[in-house]
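Novice: This is coords06.cif (mmCIF, C-alpha atoms).
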data_my_file
#
loop_
_atom_site.label_atom_id
_atom_site.label_comp_id
_atom_site.auth_asym_id
_atom_site.auth_seq_id
_atom_site.Cartn_x
_atom_site.Cartn_y
_atom_site.Cartn_z
CA MET V 1 -55.43 1.76 -23.60
CA GLN V 2 -54.22 5.27 -23.03
CA ARG V 3 -54.93 5.05 -19.36
CA GLY V 4 -52.92 1.89 -19.12
CA ASP V 5 -50.09 3.54 -20.99
CA SER V 6 -49.90 6.44 -18.64
CA LEU V 7 -49.83 4.08 -15.70
CA ASN V 8 -47.00 2.06 -17.08
CA SER V 9 -45.05 5.09 -18.19
CA PRO V 10 -41.70 5.32 -16.44
CA PHE V 11 -41.99 9.10 -16.41
CA VAL V 12 -43.95 9.51 -13.25
CA PRO V 13 -43.47 12.93 -11.74
CA PHE V 14 -41.69 12.71 -8.43
CA SER V 15 -43.83 12.85 -5.36
CA PRO V 16 -43.07 12.13 -1.73
CA ASN V 17 -46.04 9.83 -1.81
CA PRO V 18 -44.62 6.38 -2.55
CA SER V 19 -47.83 5.04 -4.08
CA ILE V 20 -47.70 7.74 -6.74
CA GLN V 21 -44.05 6.96 -7.41
CA GLN V 22 -44.96 3.39 -8.15
CA GLY V 23 -47.62 4.56 -10.55
CA THR V 24 -50.62 3.22 -8.65
CA PRO V 25 -53.56 5.60 -8.66
CA THR V 26 -54.80 6.91 -5.34
CA SER V 27 -57.88 8.95 -4.75
CA THR V 28 -57.05 10.31 -1.35
CA PRO V 29 -53.80 11.84 -0.25
CA PRO V 30 -51.99 9.39 2.04
CA LEU V 31 -52.26 11.47 5.15
CA LYS V 32 -52.35 8.37 7.30
CA HIS V 33 -49.11 7.16 5.87
CA THR V 34 -47.20 10.31 6.76
CA LEU V 35 -48.67 10.25 10.22
CA SER V 36 -47.73 6.67 10.88
CA SER V 37 -44.24 7.12 9.51
CA SER V 38 -43.68 10.27 11.54
CA THR V 39 -42.42 8.17 14.40
CA SER V 40 -39.58 6.79 12.32
CA SER V 41 -38.00 9.66 10.47
CA ASN V 42 -35.48 9.13 7.75
CA LEU V 43 -33.93 11.14 4.96
CA ARG V 44 -36.92 11.01 2.67
CA TYR V 45 -39.68 11.30 5.19
CA SER V 46 -38.53 13.34 8.11
CA SER V 47 -40.56 13.73 11.26
CA SER V 48 -41.47 17.30 10.33
CA ARG V 49 -43.14 15.90 7.20
CA LYS V 50 -40.62 17.77 5.12
CA SER V 51 -38.68 15.51 2.81
CA ILE V 52 -35.08 16.11 1.81
CA TYR V 53 -36.42 17.51 -1.45
CA ASP V 54 -38.26 20.30 0.36
CA ARG V 55 -35.18 21.55 2.13
CA HIS V 56 -33.09 24.41 0.90
CA LEU V 57 -30.20 23.13 -1.22
CA ASN V 58 -27.64 25.13 0.73
CA ARG V 59 -28.70 23.66 4.02
CA SER V 60 -26.39 20.68 3.97
CA GLN V 61 -23.53 22.57 2.36
CA ARG V 62 -21.21 22.46 5.35
CA SER V 63 -22.46 19.28 6.95
CA GLU V 64 -20.18 16.27 7.20
CA LEU V 65 -20.72 12.55 6.91
CA SER V 66 -19.27 9.71 8.91
CA LYS V 67 -16.16 8.39 7.22
CA ALA V 68 -16.70 4.93 8.68
CA SER V 69 -20.17 4.56 7.22
CA PHE V 70 -18.90 5.77 3.88
CA ALA V 71 -16.05 3.25 4.05
CA PHE V 72 -18.48 0.38 4.68
CA LEU V 73 -20.81 1.53 1.92
CA PHE V 74 -17.98 1.96 -0.56
CA GLY V 75 -16.55 -1.41 0.45
CA GLU V 76 -19.88 -3.06 -0.26
CA MET V 77 -20.06 -1.27 -3.60
CA VAL V 78 -16.67 -2.64 -4.56
CA GLN V 79 -17.62 -6.16 -3.46
CA TYR V 80 -20.94 -5.95 -5.29
CA ALA V 81 -19.24 -4.78 -8.46
CA GLN V 82 -16.54 -7.42 -8.11
CA LYS V 83 -19.10 -10.21 -8.17
CA ARG V 84 -20.51 -8.98 -11.45
CA VAL V 85 -17.42 -8.46 -13.54
CA ASN V 86 -14.62 -10.46 -15.00
CA GLY V 87 -11.33 -8.69 -14.94
CA ILE V 88 -9.88 -5.63 -13.32
CA ALA V 89 -10.56 -3.30 -16.24
CA ASP V 90 -14.23 -4.22 -16.05
CA LEU V 91 -14.33 -3.55 -12.32
CA GLU V 92 -12.75 -0.13 -12.74
CA LYS V 93 -15.23 0.64 -15.48
CA LYS V 94 -18.09 -0.23 -13.18
CA LEU V 95 -16.73 1.94 -10.37
CA ASN V 96 -16.18 4.71 -12.88
CA LEU V 97 -19.82 4.44 -13.90
CA HIS V 98 -20.98 4.66 -10.28
CA GLY V 99 -18.97 7.84 -9.87
CA TYR V 100 -20.22 9.21 -13.16
CA SER V 101 -23.82 9.28 -12.03
CA ILE V 102 -22.77 11.10 -8.87
CA GLY V 103 -20.68 13.63 -10.78
CA GLN V 104 -23.57 14.57 -13.02
CA ARG V 105 -25.71 15.50 -10.05
CA LEU V 106 -22.87 17.10 -8.16
CA LEU V 107 -22.05 19.49 -10.98
CA GLU V 108 -25.59 20.78 -11.10
CA LEU V 109 -25.71 21.22 -7.35
CA LEU V 110 -22.38 23.04 -7.19
CA LEU V 111 -23.26 25.43 -9.99
CA TRP V 112 -26.59 26.11 -8.37
CA ARG V 113 -24.88 26.85 -5.08
CA GLU V 114 -22.43 29.24 -6.64
CA GLY V 115 -25.44 31.31 -7.59
CA ARG V 116 -24.71 34.47 -9.50
CA SER V 117 -20.98 34.05 -9.35
CA ALA V 118 -21.25 30.78 -11.26
CA LYS V 119 -19.54 31.05 -14.58
CA ARG V 120 -19.33 28.85 -17.58
CA GLU V 121 -15.81 27.56 -17.99
CA THR V 122 -14.57 27.54 -21.55
CA ARG V 123 -10.86 26.94 -21.06
CA ILE V 124 -9.18 23.72 -20.03
CA LEU V 125 -7.24 25.33 -17.23
CA GLY V 126 -10.36 26.96 -15.86
CA ILE V 127 -12.35 23.76 -15.70
CA LEU V 128 -9.45 21.82 -14.19
CA GLN V 129 -9.06 24.45 -11.51
CA PHE V 130 -12.78 24.27 -10.83
CA ILE V 131 -12.37 20.54 -10.24
CA THR V 132 -9.24 20.74 -8.07
CA THR V 133 -10.74 23.40 -5.83
CA THR V 134 -14.54 23.62 -5.86
CA VAL V 135 -15.44 20.04 -6.68
CA TYR V 136 -12.70 18.48 -4.57
CA ARG V 137 -13.42 20.71 -1.61
CA SER V 138 -17.10 19.96 -1.67
CA ILE V 139 -16.55 16.18 -1.63
CA PHE V 140 -13.35 15.74 0.36
CA ASN V 141 -13.08 19.02 2.23
CA LYS V 142 -9.61 19.69 0.80
CA PRO V 143 -8.25 20.76 -2.57
CA ALA V 144 -6.46 18.26 -4.78
CA ASP V 145 -2.70 18.01 -4.23
CA GLY V 146 -1.57 18.87 -7.70
CA LEU V 147 -2.33 19.48 -11.32
CA GLU V 148 0.16 18.78 -14.08
CA LYS V 149 0.22 18.84 -17.82
CA SER V 150 1.66 15.88 -19.63
CA ARG V 151 4.92 16.60 -21.40
CA ASP V 152 4.48 14.02 -24.12
CA ASN V 153 0.84 14.42 -25.05
CA GLU V 154 -0.90 17.71 -25.47
CA ASP V 155 -4.31 16.32 -24.65
CA GLU V 156 -3.34 14.76 -21.31
CA TYR V 157 -3.48 16.33 -17.88
CA MET V 158 -2.78 14.81 -14.50
CA LEU V 159 -4.64 15.53 -11.31
CA ILE V 160 -2.78 14.33 -8.25
CA ASP V 161 -4.24 13.17 -4.96
CA ASN V 162 -1.68 12.08 -2.37
CA ASP V 163 -4.14 10.11 -0.28
CA PRO V 164 -7.55 9.59 -1.87
CA MET V 165 -10.21 9.41 0.83
CA VAL V 166 -12.00 6.52 -0.86
CA ASN V 167 -8.85 4.40 -0.67
CA SER V 168 -7.91 5.16 2.91
CA TYR V 169 -8.95 1.75 4.29
CA ILE V 170 -8.47 -0.31 1.15
CA SER V 171 -5.49 -2.58 0.58
CA VAL V 172 -5.54 -4.03 -2.90
CA PRO V 173 -4.25 -7.62 -2.99
CA LYS V 174 -1.03 -8.25 -4.91
CA GLU V 175 -2.67 -10.21 -7.69
CA MET V 176 -4.88 -7.22 -8.47
CA SER V 177 -2.15 -4.59 -8.23
CA GLN V 178 -3.43 -2.90 -11.39
CA LEU V 179 -6.64 -1.95 -9.65
CA ASN V 180 -7.22 1.42 -8.07
CA CYS V 181 -10.62 1.92 -6.47
CA ALA V 182 -10.27 5.66 -6.95
CA ALA V 183 -11.70 4.88 -10.40
CA PHE V 184 -14.86 5.92 -8.61
CA VAL V 185 -13.48 9.44 -8.15
CA ALA V 186 -12.25 9.38 -11.75
CA GLY V 187 -15.86 8.78 -12.75
CA ILE V 188 -16.98 11.85 -10.82
CA ILE V 189 -14.31 13.96 -12.54
CA GLU V 190 -15.25 12.58 -15.92
CA ALA V 191 -18.90 13.44 -15.39
CA VAL V 192 -18.07 17.01 -14.35
CA LEU V 193 -15.89 17.43 -17.44
CA ASP V 194 -18.57 15.95 -19.67
CA GLY V 195 -21.21 18.15 -18.13
CA CYS V 196 -19.14 21.25 -18.88
CA LEU V 197 -18.66 20.08 -22.49
CA PHE V 198 -15.08 18.94 -22.08
CA PRO V 199 -15.56 15.31 -23.08
CA GLY V 200 -12.70 12.96 -22.36
CA ARG V 201 -11.60 9.88 -20.43
CA VAL V 202 -10.42 9.89 -16.86
CA THR V 203 -8.57 6.96 -15.32
CA ALA V 204 -7.00 6.43 -11.90
CA HIS V 205 -3.47 5.09 -11.51
CA SER V 206 -1.54 4.23 -8.34
CA VAL V 207 1.89 5.82 -8.13
CA PRO V 208 3.10 4.80 -4.68
CA THR V 209 6.13 6.52 -3.20
CA GLU V 210 8.00 5.90 0.05
CA GLN V 211 6.23 8.72 1.90
CA LEU V 212 2.93 8.53 0.07
CA PRO V 213 1.99 4.87 -0.39
CA ALA V 214 -1.53 5.73 -1.57
CA LYS V 215 -0.61 8.42 -4.08
CA THR V 216 -2.99 8.39 -7.02
CA VAL V 217 -2.80 10.16 -10.36
CA PHE V 218 -5.96 10.82 -12.32
CA LEU V 219 -5.05 10.84 -15.98
CA ILE V 220 -7.38 13.08 -17.94
CA LYS V 221 -7.33 12.55 -21.67
CA PHE V 222 -9.45 15.07 -23.54
CA ASP V 223 -11.20 14.46 -26.83
CA GLU V 224 -9.73 15.99 -29.97
CA SER V 225 -12.58 18.45 -30.20
CA VAL V 226 -11.61 19.99 -26.86
CA ILE V 227 -8.00 20.49 -27.93
CA GLU V 228 -9.14 21.97 -31.23
CA ARG V 229 -11.41 24.44 -29.50
CA GLU V 230 -8.64 25.35 -27.07
CA SER V 231 -6.31 26.18 -29.94
CA VAL V 232 -8.98 28.30 -31.63
CA LEU V 233 -9.49 30.24 -28.41
CA GLY V 234 -5.76 30.78 -28.38
CA MET K 235 7.26 1.04 24.03
CA VAL K 236 8.46 -2.51 23.57
CA ILE K 237 5.87 -4.80 22.05
CA LEU K 238 7.38 -8.11 21.10
CA SER K 239 4.72 -9.76 19.00
CA LEU K 240 1.10 -9.68 17.94
CA LEU K 241 -1.15 -12.61 17.10
CA ILE K 242 -4.73 -12.45 15.90
CA LEU K 243 -6.99 -15.49 16.18
CA ASN K 244 -10.31 -15.88 14.44
CA LYS K 245 -13.31 -17.16 16.33
CA ALA K 246 -12.54 -20.78 15.44
CA GLY K 247 -9.05 -20.54 16.92
CA GLY K 248 -7.25 -20.27 13.62
CA LEU K 249 -4.27 -17.98 13.36
CA ILE K 250 -5.03 -15.17 10.92
CA PHE K 251 -2.18 -12.79 11.69
CA GLN K 252 1.26 -13.02 13.27
CA ARG K 253 4.01 -10.47 13.36
CA ASP K 254 7.10 -9.86 15.49
CA PHE K 255 8.06 -6.28 16.22
CA ASN K 256 11.08 -6.65 18.47
CA GLU K 257 13.64 -9.29 19.36
CA GLY K 258 13.00 -11.22 22.54
CA LEU K 259 10.80 -14.14 21.62
CA LYS K 260 11.97 -17.31 20.00
CA LYS K 261 10.96 -17.54 16.37
CA LEU K 262 8.68 -20.46 15.69
CA SER K 263 7.90 -22.19 12.45
CA SER K 264 4.65 -21.15 10.84
CA ASN K 265 3.19 -24.53 11.71
CA ASP K 266 4.10 -24.07 15.38
CA TYR K 267 2.39 -20.69 15.42
CA LEU K 268 -0.78 -22.39 14.22
CA VAL K 269 -0.46 -25.00 16.96
CA LEU K 270 0.16 -22.27 19.55
CA ALA K 271 -2.94 -20.41 18.41
CA GLY K 272 -5.08 -23.54 18.51
CA THR K 273 -3.78 -24.49 21.95
CA PHE K 274 -4.38 -21.04 23.35
CA HIS K 275 -7.89 -21.06 21.94
CA GLY K 276 -8.61 -24.28 23.83
CA VAL K 277 -7.06 -23.05 27.06
CA HIS K 278 -9.02 -19.83 26.79
CA ALA K 279 -12.26 -21.76 26.35
CA ILE K 280 -11.50 -23.85 29.45
CA THR K 281 -10.55 -20.87 31.60
CA SER K 282 -13.76 -19.09 30.69
CA ARG K 283 -15.70 -22.05 32.13
CA ILE K 284 -13.82 -22.61 35.38
CA SER K 285 -14.02 -19.12 36.77
CA PRO K 286 -15.00 -19.27 40.47
CA VAL K 287 -16.90 -15.98 40.17
CA ARG K 288 -20.26 -15.92 38.46
CA ASN K 289 -20.57 -14.03 35.16
CA SER K 290 -16.93 -13.17 34.98
CA GLY K 291 -16.48 -15.58 32.13
CA GLY K 292 -14.14 -13.60 29.94
CA GLY K 293 -11.52 -16.27 30.08
CA LEU K 294 -7.78 -15.85 30.38
CA GLU K 295 -6.70 -12.25 30.06
CA VAL K 296 -3.13 -11.89 31.25
CA LEU K 297 -0.23 -14.30 31.44
CA GLU K 298 2.93 -13.10 33.13
CA SER K 299 6.36 -14.62 33.12
CA ASP K 300 9.76 -13.12 33.91
CA ARG K 301 10.52 -12.83 30.20
CA PHE K 302 7.28 -11.48 28.84
CA ARG K 303 3.74 -10.50 29.60
CA MET K 304 0.94 -11.69 27.37
CA GLN K 305 -2.32 -9.83 27.15
CA CYS K 306 -5.38 -11.36 25.52
CA PHE K 307 -8.33 -9.36 24.35
CA GLN K 308 -11.42 -11.00 22.97
CA THR K 309 -13.87 -8.99 20.91
CA LEU K 310 -17.62 -9.47 21.10
CA THR K 311 -17.48 -11.51 17.93
CA GLY K 312 -14.86 -13.90 19.29
CA THR K 313 -11.77 -12.62 17.55
CA LYS K 314 -8.79 -12.70 19.90
CA PHE K 315 -5.82 -10.35 19.99
CA LEU K 316 -2.72 -11.64 21.74
CA ILE K 317 -0.05 -9.10 22.53
CA PHE K 318 3.33 -10.13 23.85
CA ALA K 319 5.21 -7.33 25.56
CA GLU K 320 8.05 -6.85 27.99
CA PRO K 321 7.07 -7.74 31.59
CA ASN K 322 7.19 -4.16 32.87
CA GLN K 323 5.37 -2.62 29.93
CA PRO K 324 2.63 -0.31 31.26
CA ASN K 325 -0.73 0.50 29.64
CA ILE K 326 -1.04 -2.55 27.48
CA ASP K 327 -4.80 -2.16 27.45
CA VAL K 328 -4.32 1.11 25.56
CA VAL K 329 -2.15 -0.68 23.02
CA VAL K 330 -4.72 -3.45 22.65
CA LYS K 331 -7.48 -0.94 22.12
CA ARG K 332 -5.52 0.86 19.42
CA VAL K 333 -4.63 -2.38 17.66
CA TYR K 334 -8.31 -3.32 17.70
CA GLU K 335 -9.13 0.06 16.15
CA LEU K 336 -6.57 -0.47 13.42
CA TYR K 337 -8.04 -3.91 12.78
CA ALA K 338 -11.55 -2.47 12.57
CA ASP K 339 -10.38 0.24 10.17
CA TYR K 340 -7.90 -1.41 7.87
CA VAL K 341 -9.09 -5.00 7.88
CA MET K 342 -12.83 -4.92 8.37
CA LYS K 343 -13.36 -1.95 6.07
CA ASN K 344 -11.25 -3.44 3.32
CA PRO K 345 -13.51 -4.85 0.61
CA PHE K 346 -10.86 -7.39 -0.43
CA TYR K 347 -10.59 -9.01 2.99
CA GLN K 348 -12.51 -12.24 3.41
CA ILE K 349 -13.77 -12.61 6.91
CA GLU K 350 -12.10 -15.29 9.11
CA MET K 351 -9.30 -15.66 6.56
CA PRO K 352 -5.63 -14.76 7.05
CA ILE K 353 -5.04 -11.02 7.03
CA ARG K 354 -3.08 -9.78 4.06
CA CYS K 355 -3.75 -6.08 4.18
CA GLU K 356 -0.79 -3.93 3.39
CA ALA K 357 -2.36 -0.79 4.90
CA PHE K 358 -3.00 -2.63 8.19
CA GLU K 359 0.62 -3.70 8.55
CA ARG K 360 1.88 -0.27 7.58
CA ASN K 361 -0.24 1.47 10.21
CA LEU K 362 0.50 -1.18 12.80
CA VAL K 363 4.25 -0.75 12.43
CA ALA K 364 3.88 3.04 12.43
CA TYR K 365 2.03 2.80 15.75
CA ILE K 366 4.11 0.18 17.51
CA LYS K 367 7.53 1.16 16.22
CA PRO K 368 7.42 4.90 15.52
CA LYS K 369 10.60 6.14 13.91
#
Write the structure described by the file as C-alpha cells, please.

Specialist:
Amino acid sequence: MQRGDSLNSPFVPFSPNPSIQQGTPTSTPPLKHTLSSSTSSNLRYSSSRKSIYDRHLNRSQRSELSKASFAFLFGEMVQYAQKRVNGIADLEKKLNLHGYSIGQRLLELLLWREGRSAKRETRILGILQFITTTVYRSIFNKPADGLEKSRDNEDEYMLIDNDPMVNSYISVPKEMSQLNCAAFVAGIIEAVLDGCLFPGRVTAHSVPTEQLPAKTVFLIKFDESVIERESVLG
Amino acid sequence: MVILSLLILNKAGGLIFQRDFNEGLKKLSSNDYLVLAGTFHGVHAITSRISPVRNSGGGLEVLESDRFRMQCFQTLTGTKFLIFAEPNQPNIDVVVKRVYELYADYVMKNPFYQIEMPIRCEAFERNLVAYIKPK
C-alpha cells in the first residue's frame, strides 16, 4: 500500500532520468539511454551529458533567442488559448495566466543572479523601477518606455511600452479590438509583483497613436493592503 | 520607386490581397480582380508546362508592356506575388523579396490569420506602405 502510494505520488524528485520522472522504479542507472541519446542533443539532454539543470545559472544571461521562433510559438499559444475560451476577457485571462507562471520563475532567477546586491523592495516605486529596468531588460533587452502614476486613483500605476515585442507581428482583427495579446506580459508583471508581496491586478490596454500604433499601457492596480503599507512607511 | 500595385494569390488561384500604391493602372471592380487572379493562375499553370527547357518549370515570371512591367514570384508553397511596376523600374526582384519577407513576418506569424484566406492584417499593410511609399 505504502509502496504504491509513493509510486503514485506526484512529488517525484527531479532527475534527468526520464523513467524516474515518470515514477517507474529502475534498478540500474540508464547509462544506455544517455549514450544512445548523445547523438541527438537537446536542451534537456545535451551531448556532453550535462542537462540544462547542471549548467551555471548565469551562463545564458546574455544569450539571445530567435525572434521568429518566439513569434511562431507565441502565435500558437494564442491560437491554442483561443480555441478553449469564449470571449475576449477569457482569452486575456488565459494569456495572463501563461505569463504568470513565467514571471514566478523569472523573479527567482533574477534575484539569484543579482547575488549579494539583491535587495528586498518594500516601496511601490522601488518595485516598479525594478520591473521597468531589470525585469524588462532581461526579457526584452530594453527598459520600458515609461512609468506613470494615475491622477484619479491612488492605487493605479501605468507602465508604458511603445512597441511590445510580443505584439510585433500580431494584427488583432477589428471585431476583437478589445484584445491585447500583451496580456501575456501583464501576467509576467503581475507574478513579479505578487512574488515581491505587492499583490494586485495587471491588465494590458492598447492606446494606439499616429506614430506608435502598437503602444500598450499596462495598468497596475494594487491591493488595498499595499497602499496601506505604503502610507505607513510614509 | 514606383510600384503600381500588388496582388497576392493563394495556391488555389484565389485572390487574397490587392492594393494599389500609385496611379497608373485602371481600377477594376473587386469581382474583376478575382477573375484576373484566376485567369493568371491558369496561364501560369500552362506556361510552367510548355517550357522548352527541361526543369525550368517555374512558369511565367515577367510580363512587359509599354505601360507597365509585371513580375510574378511563386513561393515554394504555391503562393504567388504579382507586382506591377513602371516599365523601367530596376531591381524588382529586391522589392519582391522584401514583400515576401513582410508577408512571412506580418501575415504568417499573425495568430489571427487563417491560412489561404484573404489577408486582413493591419500591421502588414502598414509596413508594406512604409516600404513601398516612404514619406

Novice: Quick check on the file I pasted: which residues fall under the PyMOL selection byres ((chain K and resi 325-329) around 10)? Write them as a ChimeraX atom specification.

Specialist: /K:235,237,303-307,317-319,322-324,330-335,365-366

Novice: Let me know the residues the PyMOL selection byres ((chain K) within 12 of (chain V)) catches in the file above, as an mmCIF file with C-alpha atoms, keeping the file's coordinate frame.

Specialist:
data_model
loop_
_atom_site.group_PDB
_atom_site.id
_atom_site.type_symbol
_atom_site.label_atom_id
_atom_site.label_comp_id
_atom_site.auth_asym_id
_atom_site.auth_seq_id
_atom_site.Cartn_x
_atom_site.Cartn_y
_atom_site.Cartn_z
ATOM 1 C CA GLU K 335 -9.130 0.060 16.150
ATOM 2 C CA LEU K 336 -6.570 -0.470 13.420
ATOM 3 C CA TYR K 337 -8.040 -3.910 12.780
ATOM 4 C CA ALA K 338 -11.550 -2.470 12.570
ATOM 5 C CA ASP K 339 -10.380 0.240 10.170
ATOM 6 C CA TYR K 340 -7.900 -1.410 7.870
ATOM 7 C CA VAL K 341 -9.090 -5.000 7.880
ATOM 8 C CA MET K 342 -12.830 -4.920 8.370
ATOM 9 C CA LYS K 343 -13.360 -1.950 6.070
ATOM 10 C CA ASN K 344 -11.250 -3.440 3.320
ATOM 11 C CA PRO K 345 -13.510 -4.850 0.610
ATOM 12 C CA PHE K 346 -10.860 -7.390 -0.430
ATOM 13 C CA TYR K 347 -10.590 -9.010 2.990
ATOM 14 C CA GLN K 348 -12.510 -12.240 3.410
ATOM 15 C CA ILE K 353 -5.040 -11.020 7.030
ATOM 16 C CA ARG K 354 -3.080 -9.780 4.060
ATOM 17 C CA CYS K 355 -3.750 -6.080 4.180
ATOM 18 C CA GLU K 356 -0.790 -3.930 3.390
ATOM 19 C CA ALA K 357 -2.360 -0.790 4.900
ATOM 20 C CA PHE K 358 -3.000 -2.630 8.190
ATOM 21 C CA GLU K 359 0.620 -3.700 8.550
ATOM 22 C CA ARG K 360 1.880 -0.270 7.580
ATOM 23 C CA ASN K 361 -0.240 1.470 10.210
#

Novice: Could you name the residues that touch Leu57 in chain V at 9 Å or less, counting all atoms listed in the file, but leaving out those on the same chain fewer than 6 positions away, as an NGL selection string?

Specialist: :V and (109 or 112-113)

Novice: Output the residue selection produced by the PyMOL selection byres ((chain K and resi 302) around 6) on the file above, formatted as an MDAnalysis selection string.

Specialist: chainID K and resid 299:301 303 319:321

Novice: Please identify all polymer residues within 7 Å of range 241-246 of chain K, counting only C-alpha atoms, omitting same-chain residues fewer than 2 positions from it, and present them as a list in words.

Specialist: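 Answer for this query is Ser239, Gly248, Leu249, Ile250, Phe251, Gln252, Arg253, Ala271, Gly312, Thr313, Lys314, Phe315, Leu316, Ile317 and Glu350 of chain K.
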
Novice: Can you work out the spacing between CA of Val296 in chain K and CA of Met351 in chain K in Å, to one decimal?

Specialist: 25.7 Å

Novice: Leaving out Thr281 in chain K and any residue of its chain fewer than 5 positions from it, which residues lie within 12 Å of it when counting all atoms listed in the file, given as a VMD selection string?

Specialist: chain K and resid 274 to 276 286 to 287 290 to 296

Novice: Using CA of Lys83 in chain V and CA of Asn180 in chain V as the two end points, give the distance in Å to one decimal.

Specialist: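 Pair CA of Lys83 in chain V / CA of Asn180 in chain V returns 16.6 Å.
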
Novice: Which is closer to Gly200 in chain V than all the others in V:Ser51, V:Ser177, V:Ser225, V:Thr134, using only C-alpha atoms?

Specialist: V:Ser225

Novice: Would you kindly return, as a list in words, each protein, DNA or RNA residue with an atom no farther than 9 Å from any atom of Ile127 in chain V, considering all atoms listed in the file and excluding same-chain residues fewer than 5 positions away?

Specialist: Arg120, Glu121, Thr122, Thr132, Val192, Leu193, Cys196 and Phe198 of chain V

Novice: Take the residues from that selection and put them in a file with C-alpha atoms, as a short mmCIF file (atom, residue, chain, number, x, y, z; two decimals), in the frame of the given file.

Specialist:
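Here's the written file part_12.cif:
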data_model
loop_
_atom_site.label_atom_id
_atom_site.label_comp_id
_atom_site.auth_asym_id
_atom_site.auth_seq_id
_atom_site.Cartn_x
_atom_site.Cartn_y
_atom_site.Cartn_z
CA ARG V 120 -19.33 28.85 -17.58
CA GLU V 121 -15.81 27.56 -17.99
CA THR V 122 -14.57 27.54 -21.55
CA THR V 132 -9.24 20.74 -8.07
CA VAL V 192 -18.07 17.01 -14.35
CA LEU V 193 -15.89 17.43 -17.44
CA CYS V 196 -19.14 21.25 -18.88
CA PHE V 198 -15.08 18.94 -22.08
#

Novice: Between K:Leu240, K:Leu362, K:Ile349, K:Leu297, which one has atoms that come closest to Leu259 in chain K, using only C-alpha atoms?

Specialist: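 Of the candidates, the smallest distance to Leu259 in chain K is held by K:Leu240.
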
Novice: Would you compute the distance between CA of Ser101 in chain V and CA of Glu230 in chain V? Give it in Å to one decimal.

Specialist: 26.7 Å

Novice: Could you tell me which of V:Glu175, V:Glu108, V:Glu224, V:Glu114 comes closest to Asn153 in chain V if we count only C-alpha atoms?

Specialist: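 For Asn153 in chain V, the nearest of the candidates is V:Glu224.
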
Novice: Contacts of Lys149 in chain V at 12 Å or less, counting only C-alpha atoms, minus same-chain residues fewer than 2 places along, as a ChimeraX atom specification?

Specialist: /V:124-125,128,146-147,151-160,217-222

Novice: Keeping only C-alpha atoms, write the selected residues as a tab-separated table (two decimals), keeping the file's coordinate frame.

Specialist:
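Heads up, here's the output in result.tsv:
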chain	number	residue	atom	x	y	z
V	124	ILE	CA	-9.18	23.72	-20.03
V	125	LEU	CA	-7.24	25.33	-17.23
V	128	LEU	CA	-9.45	21.82	-14.19
V	146	GLY	CA	-1.57	18.87	-7.70
V	147	LEU	CA	-2.33	19.48	-11.32
V	151	ARG	CA	4.92	16.60	-21.40
V	152	ASP	CA	4.48	14.02	-24.12
V	153	ASN	CA	0.84	14.42	-25.05
V	154	GLU	CA	-0.90	17.71	-25.47
V	155	ASP	CA	-4.31	16.32	-24.65
V	156	GLU	CA	-3.34	14.76	-21.31
V	157	TYR	CA	-3.48	16.33	-17.88
V	158	MET	CA	-2.78	14.81	-14.50
V	159	LEU	CA	-4.64	15.53	-11.31
V	160	ILE	CA	-2.78	14.33	-8.25
V	217	VAL	CA	-2.80	10.16	-10.36
V	218	PHE	CA	-5.96	10.82	-12.32
V	219	LEU	CA	-5.05	10.84	-15.98
V	220	ILE	CA	-7.38	13.08	-17.94
V	221	LYS	CA	-7.33	12.55	-21.67
V	222	PHE	CA	-9.45	15.07	-23.54

Novice: Could you pull range 62-97 of chain V out of the structure just shown and give C-alpha atoms as a tab-separated table (two decimals), in the first residue's frame?

Specialist:
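This went into selection_16.tsv:
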chain	number	residue	atom	x	y	z
V	62	ARG	CA	23.42	37.38	-22.18
V	63	SER	CA	22.32	34.86	-24.77
V	64	GLU	CA	19.56	35.76	-27.20
V	65	LEU	CA	16.73	33.83	-28.77
V	66	SER	CA	15.37	33.91	-32.28
V	67	LYS	CA	12.51	36.36	-32.52
V	68	ALA	CA	10.90	34.40	-35.34
V	69	SER	CA	10.72	31.19	-33.36
V	70	PHE	CA	9.29	33.06	-30.42
V	71	ALA	CA	6.71	34.68	-32.70
V	72	PHE	CA	5.58	31.29	-34.01
V	73	LEU	CA	5.45	29.80	-30.53
V	74	PHE	CA	3.52	32.74	-29.13
V	75	GLY	CA	1.18	32.66	-32.12
V	76	GLU	CA	0.43	29.01	-31.46
V	77	MET	CA	-0.15	29.79	-27.79
V	78	VAL	CA	-2.69	32.44	-28.72
V	79	GLN	CA	-4.43	30.11	-31.17
V	80	TYR	CA	-4.45	27.28	-28.64
V	81	ALA	CA	-5.91	29.53	-25.98
V	82	GLN	CA	-8.44	30.95	-28.41
V	83	LYS	CA	-9.89	27.51	-29.10
V	84	ARG	CA	-10.51	26.93	-25.42
V	85	VAL	CA	-12.21	30.13	-24.36
V	86	ASN	CA	-15.37	32.02	-25.04
V	87	GLY	CA	-14.89	35.73	-25.11
V	88	ILE	CA	-12.02	38.14	-25.22
V	89	ALA	CA	-11.80	38.64	-21.46
V	90	ASP	CA	-11.38	34.90	-21.04
V	91	LEU	CA	-8.63	34.79	-23.65
V	92	GLU	CA	-6.73	37.62	-21.97
V	93	LYS	CA	-7.09	35.84	-18.66
V	94	LYS	CA	-5.59	32.71	-20.14
V	95	LEU	CA	-2.66	34.60	-21.64
V	96	ASN	CA	-2.20	36.37	-18.33
V	97	LEU	CA	-2.02	33.00	-16.61
